[in-house]
>>> print(open('run.txt').read())   # compact mmCIF, C-alpha atoms
# COMPACT_ATOMS: atom_id res chain seq x y z
CA MET Y 13 116.16 37.78 157.85
CA ALA Y 14 117.16 34.90 160.14
CA ARG Y 15 114.52 35.85 162.69
CA ASP Y 16 111.69 35.46 160.14
CA GLU Y 17 113.23 32.22 158.94
CA PHE Y 18 113.37 30.87 162.48
CA PHE Y 19 109.72 31.84 163.10
CA ARG Y 20 108.73 30.20 159.83
CA ASP Y 21 110.58 26.97 160.63
CA VAL Y 22 109.00 26.70 164.09
CA ARG Y 23 105.53 27.36 162.71
CA ARG Y 24 106.07 24.82 159.94
CA ALA Y 25 107.24 22.19 162.42
CA VAL Y 26 104.05 22.63 164.43
CA SER Y 27 101.91 22.76 161.27
CA PHE Y 28 103.04 19.29 160.23
CA MET Y 29 101.12 17.81 163.10
CA ALA Y 30 98.06 19.96 163.64
CA PRO Y 31 94.86 19.60 161.69
CA ARG Y 32 93.53 22.73 160.08
CA VAL Y 33 90.74 23.51 162.48
CA GLU Y 34 90.14 27.21 162.28
CA ALA Y 35 87.46 27.37 164.92
CA ASP Y 36 89.33 26.25 167.99
CA SER Y 37 92.85 27.34 167.16
CA PRO Y 38 94.70 24.18 168.24
CA PHE Y 39 98.15 25.78 168.09
CA THR Y 40 97.44 27.93 171.10
CA ASP Y 41 96.06 25.11 173.25
CA ALA Y 42 99.06 23.96 175.29
CA SER Y 43 97.64 20.54 176.17
CA TYR Y 44 96.70 19.91 172.55
CA ILE Y 45 100.17 20.86 171.39
CA GLU Y 46 101.75 18.50 173.91
CA LYS Y 47 99.48 15.66 172.81
CA MET Y 48 100.24 16.06 169.15
CA LEU Y 49 103.97 16.57 169.69
CA ARG Y 50 104.09 13.30 171.62
CA GLY Y 51 102.35 11.57 168.72
CA ALA Y 52 104.98 12.28 166.08
CA ASP Y 53 108.57 13.40 165.91
CA LEU Y 54 108.86 15.27 162.63
CA TRP Y 55 109.56 18.36 164.72
CA LEU Y 56 112.51 16.77 166.51
CA THR Y 57 115.28 17.85 164.19
CA PRO Y 58 118.04 20.48 164.55
CA LYS Y 59 116.82 22.07 161.31
CA VAL Y 60 113.82 23.54 163.15
CA VAL Y 61 116.04 25.88 165.17
CA GLU Y 62 118.99 26.20 162.79
CA ALA Y 63 118.09 29.79 161.84
CA PHE Y 64 118.10 31.00 165.45
CA ARG Y 65 120.63 33.79 166.09
CA PRO Y 66 120.54 35.38 169.59
CA GLU Y 67 121.68 38.72 168.14
CA ASP Y 68 118.40 38.97 166.18
CA TYR Y 69 116.52 39.48 169.44
CA ALA Y 70 118.18 42.62 170.75
CA ASP Y 71 114.77 44.31 170.92
CA VAL Y 72 113.29 41.55 173.07
CA GLY Y 73 113.40 41.86 176.87
CA GLU Y 74 116.49 40.31 178.44
CA ARG Y 75 114.60 37.64 180.34
CA ASN Y 76 112.63 36.48 177.30
CA ARG Y 77 115.75 36.53 175.17
CA GLU Y 78 117.64 34.38 177.65
CA ASP Y 79 114.70 31.99 178.03
CA LEU Y 80 114.49 31.57 174.27
CA SER Y 81 118.24 31.04 173.88
CA ARG Y 82 118.18 28.44 176.64
CA ALA Y 83 115.20 26.64 175.15
CA VAL Y 84 116.85 26.54 171.73
CA SER Y 85 120.07 25.23 173.17
CA ASP Y 86 118.26 22.57 175.29
CA PHE Y 87 116.23 21.51 172.26
CA MET Y 88 119.29 21.38 170.01
CA ALA Y 89 121.18 19.21 172.52
CA VAL Y 90 118.47 16.54 172.27
CA ALA Y 91 117.71 16.92 168.56
CA ARG Y 92 121.36 16.26 167.69
CA THR Y 93 121.19 12.87 169.39
CA VAL Y 94 118.29 11.67 167.21
CA LEU Y 95 119.49 9.56 164.32
CA ARG Y 96 118.18 10.62 160.95
CA GLU Y 97 117.22 7.10 159.83
CA THR Y 98 115.35 6.00 162.95
CA PRO Y 99 112.39 7.40 164.89
CA ALA Y 100 113.13 9.32 168.10
CA LYS Y 101 113.05 7.28 171.31
CA PRO Y 102 110.31 8.19 173.81
CA GLU Y 103 112.89 9.56 176.26
CA GLN Y 104 114.37 11.78 173.54
CA ARG Y 105 110.90 13.07 172.70
CA ASP Y 106 110.17 13.75 176.36
CA ALA Y 107 113.46 15.60 176.82
CA ALA Y 108 112.87 17.79 173.76
CA LEU Y 109 109.22 18.47 174.45
CA GLU Y 110 109.53 21.07 177.21
CA PRO Y 111 112.12 23.26 175.44
CA PHE Y 112 110.19 23.01 172.18
CA LYS Y 113 106.97 24.08 173.87
CA ARG Y 114 108.82 27.08 175.34
CA ILE Y 115 110.13 27.93 171.88
CA ILE Y 116 106.63 27.73 170.39
CA GLN Y 117 105.12 29.94 173.09
CA THR Y 118 107.85 32.56 172.76
CA VAL Y 119 107.60 32.64 168.97
CA GLN Y 120 103.81 32.88 169.11
CA SER Y 121 104.09 35.77 171.51
CA LEU Y 122 106.75 37.60 169.44
CA VAL Y 123 104.80 37.14 166.18
CA HIS Y 124 101.61 38.32 167.85
CA GLU Y 125 103.27 41.41 169.34
CA ASP Y 126 104.95 42.28 166.04
CA TRP Y 127 101.70 41.88 164.11
CA ILE Y 128 99.66 43.96 166.53
CA ARG Y 129 102.30 46.68 166.47
CA ALA Y 130 102.50 46.74 162.65
CA SER Y 131 98.74 46.54 162.08
CA THR Y 132 98.03 49.21 164.71
CA ALA Y 133 100.51 51.55 163.02
CA LEU Y 134 98.84 50.94 159.64
CA LEU Y 135 95.41 51.76 161.07
CA ALA Y 136 96.80 54.90 162.71
CA ASP Y 137 98.29 56.08 159.40
CA ALA Y 138 94.99 55.55 157.60
CA GLU Y 139 92.99 57.26 160.33
CA VAL Y 140 95.23 60.35 160.29
CA TRP Y 141 95.21 60.56 156.48
CA ALA Y 142 91.44 60.13 156.29
CA LYS Y 143 90.92 62.89 158.85
CA GLU Y 144 93.31 65.16 156.93
CA GLU Y 145 91.04 64.66 153.91
CA GLY Y 146 88.03 65.62 156.01
CA TRP Y 147 86.62 62.09 155.87
CA PRO Y 148 84.71 61.02 158.98
CA THR Y 149 86.21 57.94 160.62
CA LYS Y 150 85.25 55.41 163.24
CA ARG Y 151 86.96 52.33 164.62
CA PHE Y 152 85.28 49.09 165.56
CA SER Y 153 87.00 46.00 166.86
CA LYS Y 154 87.06 42.71 165.00
CA ASP Y 155 87.73 39.29 166.50
CA ILE Y 156 90.20 37.26 164.48
CA THR Y 157 91.32 33.64 164.93
CA GLU Y 158 94.47 32.36 163.26
CA ASP Y 159 96.03 28.93 163.51
CA PHE Y 160 99.37 29.87 164.92
CA ILE Y 161 98.73 32.96 167.01
CA GLY Y 162 95.22 32.15 168.14
CA LYS Y 163 92.45 34.59 168.93
CA TYR Y 164 93.02 38.29 169.12
CA ARG Y 165 91.23 41.55 168.53
CA GLN Y 166 92.15 44.31 166.14
CA ASP Y 167 90.26 47.35 164.91
CA ARG Y 168 88.68 47.88 161.56
CA LEU Y 169 88.61 51.49 160.40
CA ILE Y 170 85.37 52.64 158.81
CA PHE Y 171 85.40 55.94 156.92
CA ALA Y 172 83.38 57.81 154.34
CA ALA Y 173 84.63 59.43 151.14
CA GLU Y 174 82.51 61.09 148.47
CA GLY Y 175 79.34 59.57 149.91
CA ALA Y 176 80.68 56.01 149.89
CA GLN Y 177 81.42 54.00 153.00
CA LEU Y 178 84.83 52.37 153.04
CA ALA Y 179 86.65 50.12 155.46
CA LEU Y 180 90.20 49.09 156.22
CA VAL Y 181 89.67 45.59 157.59
CA PRO Y 182 92.35 43.31 159.06
CA VAL Y 183 92.43 39.92 157.31
CA GLY Y 184 95.23 38.30 159.26
CA ARG Y 185 98.93 37.91 159.97
CA TYR Y 186 99.19 34.73 157.94
CA ALA Y 187 98.21 35.25 154.33
CA PRO Y 188 100.19 33.41 151.63
CA GLY Y 189 103.30 35.27 150.52
CA THR Y 190 102.85 38.08 153.04
CA GLU Y 191 103.54 38.98 156.65
CA GLY Y 192 100.02 40.27 157.09
CA MET Y 193 97.11 41.57 155.12
CA PHE Y 194 94.26 44.07 155.28
CA ASP Y 195 91.39 44.67 152.88
CA LEU Y 196 90.65 48.21 151.79
CA ALA Y 197 87.05 47.83 150.67
CA VAL Y 198 84.00 49.78 149.62
CA LEU Y 199 80.89 48.71 151.51
CA PRO Y 200 78.60 46.90 151.20
CA ALA Y 201 79.70 45.39 147.88
CA TYR Y 202 83.17 44.67 149.31
CA ASP Y 203 85.03 45.45 146.14
CA SER Y 204 88.49 45.74 147.57
CA VAL Y 205 92.22 45.96 147.21
CA MET Y 206 94.71 44.15 149.39
CA VAL Y 207 97.07 46.04 151.64
CA ILE Y 208 99.91 43.63 152.29
CA ARG Y 209 103.02 43.55 154.44
CA GLN Y 210 106.24 42.19 153.02
CA ALA Y 211 109.71 42.40 154.56
CA GLY Y 212 108.34 44.75 157.21
CA ARG Y 213 106.86 47.23 154.70
CA TRP Y 214 103.26 47.82 153.67
CA PHE Y 215 102.08 47.97 150.08
CA VAL Y 216 98.78 48.68 148.36
CA HIS Y 217 97.82 46.23 145.64
CA PRO Y 218 96.40 47.80 142.51
CA LEU Y 219 92.67 47.88 141.82
CA SER Y 220 93.20 47.02 138.19
CA SER Y 221 95.76 44.66 136.73
CA GLU Y 222 97.10 47.52 134.59
CA ASP Y 223 98.20 49.49 137.66
CA ARG Y 224 101.27 48.78 139.79
CA GLN Y 225 101.64 47.94 143.45
CA GLN Y 226 102.31 51.09 145.49
CA ASP Y 227 104.18 51.72 148.70
CA TRP Y 228 101.86 52.48 151.60
CA SER Y 229 101.61 56.27 151.67
CA LYS Y 230 99.00 58.96 152.06
CA ASP Y 231 98.80 59.37 148.29
CA ALA Y 232 98.32 55.63 147.72
CA PHE Y 233 95.70 55.42 150.47
CA VAL Y 234 93.72 58.46 149.30
CA THR Y 235 93.79 57.73 145.56
CA THR Y 236 92.90 54.07 146.07
CA SER Y 237 90.08 54.94 148.47
CA LEU Y 238 88.68 57.41 145.95
CA LYS Y 239 88.89 54.86 143.14
CA LEU Y 240 86.95 52.40 145.27
CA ALA Y 241 84.41 55.06 146.26
CA ARG Y 242 83.80 55.90 142.60
CA LEU Y 243 83.24 52.32 141.44
CA PRO Y 244 79.87 51.93 139.70
CA MET W 1 77.04 52.26 163.80
CA ARG W 2 78.94 49.40 165.42
CA PRO W 3 79.38 46.49 162.98
CA GLY W 4 77.00 43.68 163.82
CA LYS W 5 75.39 40.68 162.18
CA LYS W 6 75.15 42.36 158.79
CA THR W 7 78.83 43.33 158.61
CA ASP W 8 79.92 39.92 159.91
CA ARG W 9 77.93 38.20 157.19
CA CYS W 10 79.22 40.53 154.46
CA GLU W 11 82.79 39.83 155.62
CA ARG W 12 82.10 36.08 155.52
CA ILE W 13 80.84 36.41 151.95
CA LYS W 14 83.99 38.31 151.06
CA ALA W 15 86.11 35.64 152.75
CA VAL W 16 84.61 32.95 150.50
CA GLU W 17 85.61 34.93 147.43
CA ARG W 18 89.12 35.23 148.84
CA GLU W 19 89.29 31.47 149.45
CA TYR W 20 88.19 30.92 145.87
CA GLN W 21 90.99 33.16 144.63
CA VAL W 22 93.50 31.14 146.67
CA ALA W 23 92.03 27.91 145.25
CA GLU W 24 92.47 29.24 141.72
CA LEU W 25 96.11 30.09 142.46
CA ALA W 26 96.57 26.61 143.94
CA ARG W 27 95.07 25.07 140.79
CA ILE W 28 97.50 27.04 138.61
CA ALA W 29 100.42 25.95 140.83
CA LEU W 30 99.27 22.33 140.68
CA GLU W 31 98.97 22.37 136.91
CA ASP W 32 102.40 23.94 136.69
CA ALA W 33 103.84 21.30 139.02
CA LEU W 34 102.26 18.56 136.94
CA THR W 35 104.18 19.69 133.87
CA GLN W 36 107.39 18.98 135.86
CA HIS W 37 106.24 15.85 137.71
CA SER W 38 103.48 14.04 135.87
CA GLY W 39 103.43 11.34 138.57
CA LEU W 40 101.97 13.68 141.21
CA LEU W 41 98.42 12.62 140.41
CA SER W 42 99.02 8.92 140.07
CA ALA W 43 100.87 8.92 143.41
CA GLY W 44 97.56 9.90 145.00
CA ASN W 45 95.66 7.34 142.95
CA LEU W 46 94.19 10.13 140.82
CA THR W 47 94.02 10.69 137.08
CA VAL W 48 93.83 13.52 134.59
CA VAL W 49 90.05 13.04 134.55
CA ASP W 50 89.94 13.93 138.26
CA LEU W 51 92.02 17.02 137.58
CA ARG W 52 89.68 18.03 134.77
CA ASN W 53 86.66 17.61 137.05
CA TYR W 54 88.34 19.61 139.78
CA ARG W 55 89.14 22.40 137.36
CA SER W 56 85.62 22.54 135.92
CA LYS W 57 83.88 22.36 139.31
CA LEU W 58 86.12 24.71 141.29
CA HIS W 59 84.22 27.88 140.49
CA ASP W 60 80.82 26.28 141.02
CA THR W 61 81.83 24.82 144.37
CA TYR W 62 82.79 28.23 145.69
CA PHE W 63 79.76 29.85 144.10
CA ILE W 64 77.51 27.47 146.04
CA ARG W 65 79.36 28.24 149.27
CA LEU W 66 79.13 31.96 148.61
CA PHE W 67 75.40 31.79 148.06
CA ALA W 68 74.99 29.58 151.14
CA GLU W 69 76.55 32.33 153.28
CA PHE W 70 74.07 34.81 151.86
CA GLU W 71 71.13 32.44 152.22
CA THR W 72 71.98 31.66 155.85
CA GLY W 73 72.16 35.35 156.65
CA MET W 74 68.90 36.08 154.86
CA LYS W 75 67.08 33.27 156.63
CA ASP W 76 68.44 34.48 159.96
CA TYR W 77 67.13 37.99 159.30
CA TRP W 78 63.83 36.61 158.01
CA THR W 79 63.27 34.36 161.01
CA ASN W 80 64.88 36.24 163.88
CA GLY W 81 64.72 39.79 162.58
CA LEU W 82 61.28 39.79 161.03
CA GLY W 83 59.76 36.87 162.94
CA GLN W 84 58.65 35.14 159.78
CA ASP W 85 58.22 31.47 158.95
CA PRO W 86 61.69 29.86 158.54
CA ARG W 87 60.30 27.44 155.95
CA THR W 88 59.65 30.22 153.43
CA ARG W 89 61.45 29.66 150.14
CA ILE W 90 64.56 31.78 149.65
CA MET W 91 63.06 33.13 146.41
CA ASP W 92 60.16 34.62 148.39
CA VAL W 93 62.43 35.77 151.21
CA ILE W 94 64.55 37.74 148.74
CA SER W 95 61.48 39.33 147.09
CA SER W 96 59.85 40.20 150.38
CA VAL W 97 62.98 41.59 152.05
CA GLY W 98 63.79 43.50 148.86
CA ALA W 99 60.42 45.23 149.05
CA ARG W 100 60.46 45.81 152.82
CA CYS W 101 63.95 47.34 152.75
CA ASN W 102 63.34 49.34 149.54
CA ILE W 103 66.28 47.69 147.85
CA ILE W 104 67.07 49.01 144.36
CA ALA W 105 65.29 46.91 141.71
CA ALA W 106 68.48 46.20 139.75
CA TRP W 107 70.11 44.76 142.89
CA ARG W 108 67.10 42.52 143.54
CA ILE W 109 67.20 41.27 139.96
CA ASN W 110 70.92 40.53 140.25
CA VAL W 111 70.39 38.56 143.47
CA HIS W 112 67.65 36.51 141.81
CA SER W 113 70.04 35.85 138.92
CA ALA W 114 72.60 34.52 141.39
CA ARG W 115 69.91 32.40 143.06
CA LYS W 116 68.81 30.94 139.74
CA TYR W 117 72.39 30.13 138.83
CA ARG W 118 72.89 28.43 142.22
CA ASN W 119 69.72 26.40 141.55
CA ARG W 120 71.06 25.43 138.16
CA LEU W 121 74.22 24.14 139.82
CA ILE W 122 72.69 22.14 142.63
CA HIS W 123 69.18 21.24 141.55
CA GLU W 124 69.73 21.26 137.79
CA GLU W 125 66.76 23.60 137.69
CA ASP W 126 66.70 26.87 135.79
CA ALA W 127 68.73 25.31 133.03
CA VAL W 128 68.66 28.57 131.13
CA ALA W 129 69.96 30.64 134.06
CA GLU W 130 72.93 32.68 133.00
CA SER W 131 76.32 32.07 134.57
CA VAL W 132 77.36 34.44 137.33
CA THR W 133 80.94 34.74 138.51
CA VAL W 134 81.93 34.50 142.16
CA THR W 135 83.13 38.11 142.11
CA GLN W 136 79.93 39.42 140.54
CA ALA W 137 77.84 37.43 143.01
CA ARG W 138 79.88 38.69 145.98
CA ARG W 139 79.23 42.25 144.80
CA ASP W 140 75.47 41.73 144.20
CA LEU W 141 74.80 39.72 147.34
CA GLY W 142 76.88 42.15 149.41
CA ARG W 143 74.93 45.15 148.14
CA PHE W 144 71.61 43.45 148.83
CA PHE W 145 72.63 42.24 152.26
CA GLY W 146 74.18 45.63 153.01
CA SER W 147 70.71 47.19 152.72
CA LEU W 148 69.51 45.29 155.78
CA PRO W 149 69.71 46.77 159.26
CA GLU W 150 73.05 46.28 161.01
CA ASN W 151 71.54 44.09 163.71
CA TRP W 152 68.29 42.30 164.37
>>> encode(input="run.txt", output="structure tokens")
Amino acid sequence: MARDEFFRDVRRAVSFMAPRVEADSPFTDASYIEKMLRGADLWLTPKVVEAFRPEDYADVGERNREDLSRAVSDFMAVARTVLRETPAKPEQRDAALEPFKRIIQTVQSLVHEDWIRASTALLADAEVWAKEEGWPTKRFSKDITEDFIGKYRQDRLIFAAEGAQLALVPVGRYAPGTEGMFDLAVLPAYDSVMVIRQAGRWFVHPLSSEDRQQDWSKDAFVTTSLKLARLP
Amino acid sequence: MRPGKKTDRCERIKAVEREYQVAELARIALEDALTQHSGLLSAGNLTVVDLRNYRSKLHDTYFIRLFAEFETGMKDYWTNGLGQDPRTRIMDVISSVGARCNIIAAWRINVHSARKYRNRLIHEEDAVAESVTVTQARRDLGRFFGSLPENW
């Protein structure tokens, strides 16, 4: 999907220049971003926004959609003037900086909203299914910090099955090869399976290498939870 | 009960295991890439010997980090939860907390096995200590730590 590709390209362009400091989430610090973008120009290329298609943002509010389209077009106008063989001139960098910062902020916000929506729906599914099984449930919030989308809060779902305490715990939006990941774990040993999101769908990883990945469903959730609860 | 210091620490221990799993995947990818481009190492002024060392030390490096998360949490509970002397050896902290919290004997033994293996790795003590995998240690340390109160 072009939208995912565009998000990936923007994130990658920013990643080139930021150190991996998990604690203070540099990607969401506007002044830090400006400083690092001024220091290098690897991001100043039309390729970064090549995958942008306005029609992919029909679900986004009109104002945001127009802002993003304008920022992409302003950025592209400058990026096209930068010669491939030579570094960008300071005035080119300055001209591209503002639109690129607007692109970054919009993408961060869209990724964050999408992730919160998807992860909240996953938790709601699990909570309903656990209650249908007669398993007591509780939710507790967890603070998460990720490079690109910064700090946010999401719930972990704690529930009990067959005398074991289990938890569905958010790991993060950015996990290699996925669009988000949770751990379904038995406490306190934390033996777990991964619940991953790919192409907008959730899947449950198998507990043993002999089993196969399952679509996220009540059956997959219940059987996997029981397998975890029954671990020695 | 609302997750507190105990749950946070258990999740940190789990996160180290996850990082180790990523590192193992990265090692496999690197070794695969090296079969296609043998110059990858020399470009970074590295040799096959460095790769061999990396491979052999990868597990131990993460094991030490995993145990450090557990040890930090235990010392925090010992000092701030129980008001005990922070200079107490971790061996004694584990034994004392195990007794105070009525932790199952098998779990205590497993945690001491992990401690001895950690000592073997960093102090070259306990040379006869049996190897413990990161996953086994995460399970044993998590169970032990999970027997503590949620907050202190």
>>> residues_around(input="run.txt", residues="segment 68-73 of chain W", least_positions_apart="6", cutoff="9 Å", atoms="all atoms listed in the file", output="ChimeraX atom specification")
/W:5-6,9-10,12-13,16,90,141-142,145
>>> residues_around(input="run.txt", residues="Cys101 of chain W", least_positions_apart="2", cutoff="10 Å", atoms="only C-alpha atoms", output="ChimeraX atom specification")
/W:96-99,103-104,144,147-149
>>> atom_distance(input="run.txt", atom1="atom CA of Leu243 of chain Y", atom2="atom CA of Ser229 of chain Y")
21.4 Å
>>> interface_residues(input="run.txt", of="chain Y", to="chain W", cutoff="8 Å", atoms="all atoms listed in the file", output="list in words")
Phe152, Leu199, Pro200, Ala201, Tyr202 and Asp203 of chain Y
>>> atom_distance(input="run.txt", atom1="atom CA of Asp50 of chain W", atom2="atom CA of Arg65 of chain W")
20.9 Å
>>> residues_around(input="run.txt", residues="Asp79 of chain Y", least_positions_apart="2", cutoff="12 Å", atoms="only C-alpha atoms", output="list of chain:residue names")
Y:Pro66, Y:Tyr69, Y:Val72, Y:Gly73, Y:Glu74, Y:Arg75, Y:Asn76, Y:Arg77, Y:Ser81, Y:Arg82, Y:Ala83, Y:Val84, Y:Ser85, Y:Asp86, Y:Pro111, Y:Phe112, Y:Lys113, Y:Arg114, Y:Ile115, Y:Ile116, Y:Gln117, Y:Thr118, Y:Val119
>>> atom_distance(input="run.txt", atom1="atom CA of Glu24 of chain W", atom2="atom CA of Ile122 of chain W")
21.0 Å
>>> closest_residue(input="run.txt", among="Y:Ala173, Y:Leu240, Y:Leu134, Y:Ala187", to="Ser204 of chain Y", atoms="only C-alpha atoms")
Y:Leu240
>>> residues_around(input="run.txt", residues="Gln166 of chain Y", least_positions_apart="3", cutoff="10 Å", atoms="all atoms listed in the file", output="list in words")
Ile128, Ser131, Thr132, Leu135, Arg151, Phe152, Ser153, Lys154, Asp155, Ile156, Leu169, Val181, Pro182, Val183 and Gly184 of chain Y
>>> closest_residue(input="run.txt", among="Y:Asp68, Y:Asp137, Y:Glu110, Y:Glu97", to="Ala232 of chain Y", atoms="all atoms listed in the file")
Y:Asp137
>>> residues_around(input="run.txt", residues="Arg65 of chain Y", least_positions_apart="2", cutoff="12 Å", atoms="only C-alpha atoms", output="ChimeraX atom specification")
/Y:13-19,61-63,67-70,77-78,80-81,84-85
>>> closest_residue(input="run.txt", among="W:Gln36, W:Asn45, W:Tyr54, W:Ile94", to="Ala23 of chain W", atoms="all atoms listed in the file")
W:Tyr54
>>> closest_residue(input="run.txt", among="W:Val93, W:Val128, W:Ala33, W:Val48", to="Arg108 of chain W", atoms="all atoms listed in the file")
W:Val93
>>> closest_residue(input="run.txt", among="W:Glu31, W:Ala26, W:Asp92, W:Leu121", to="Lys57 of chain W", atoms="only C-alpha atoms")
W:Leu121
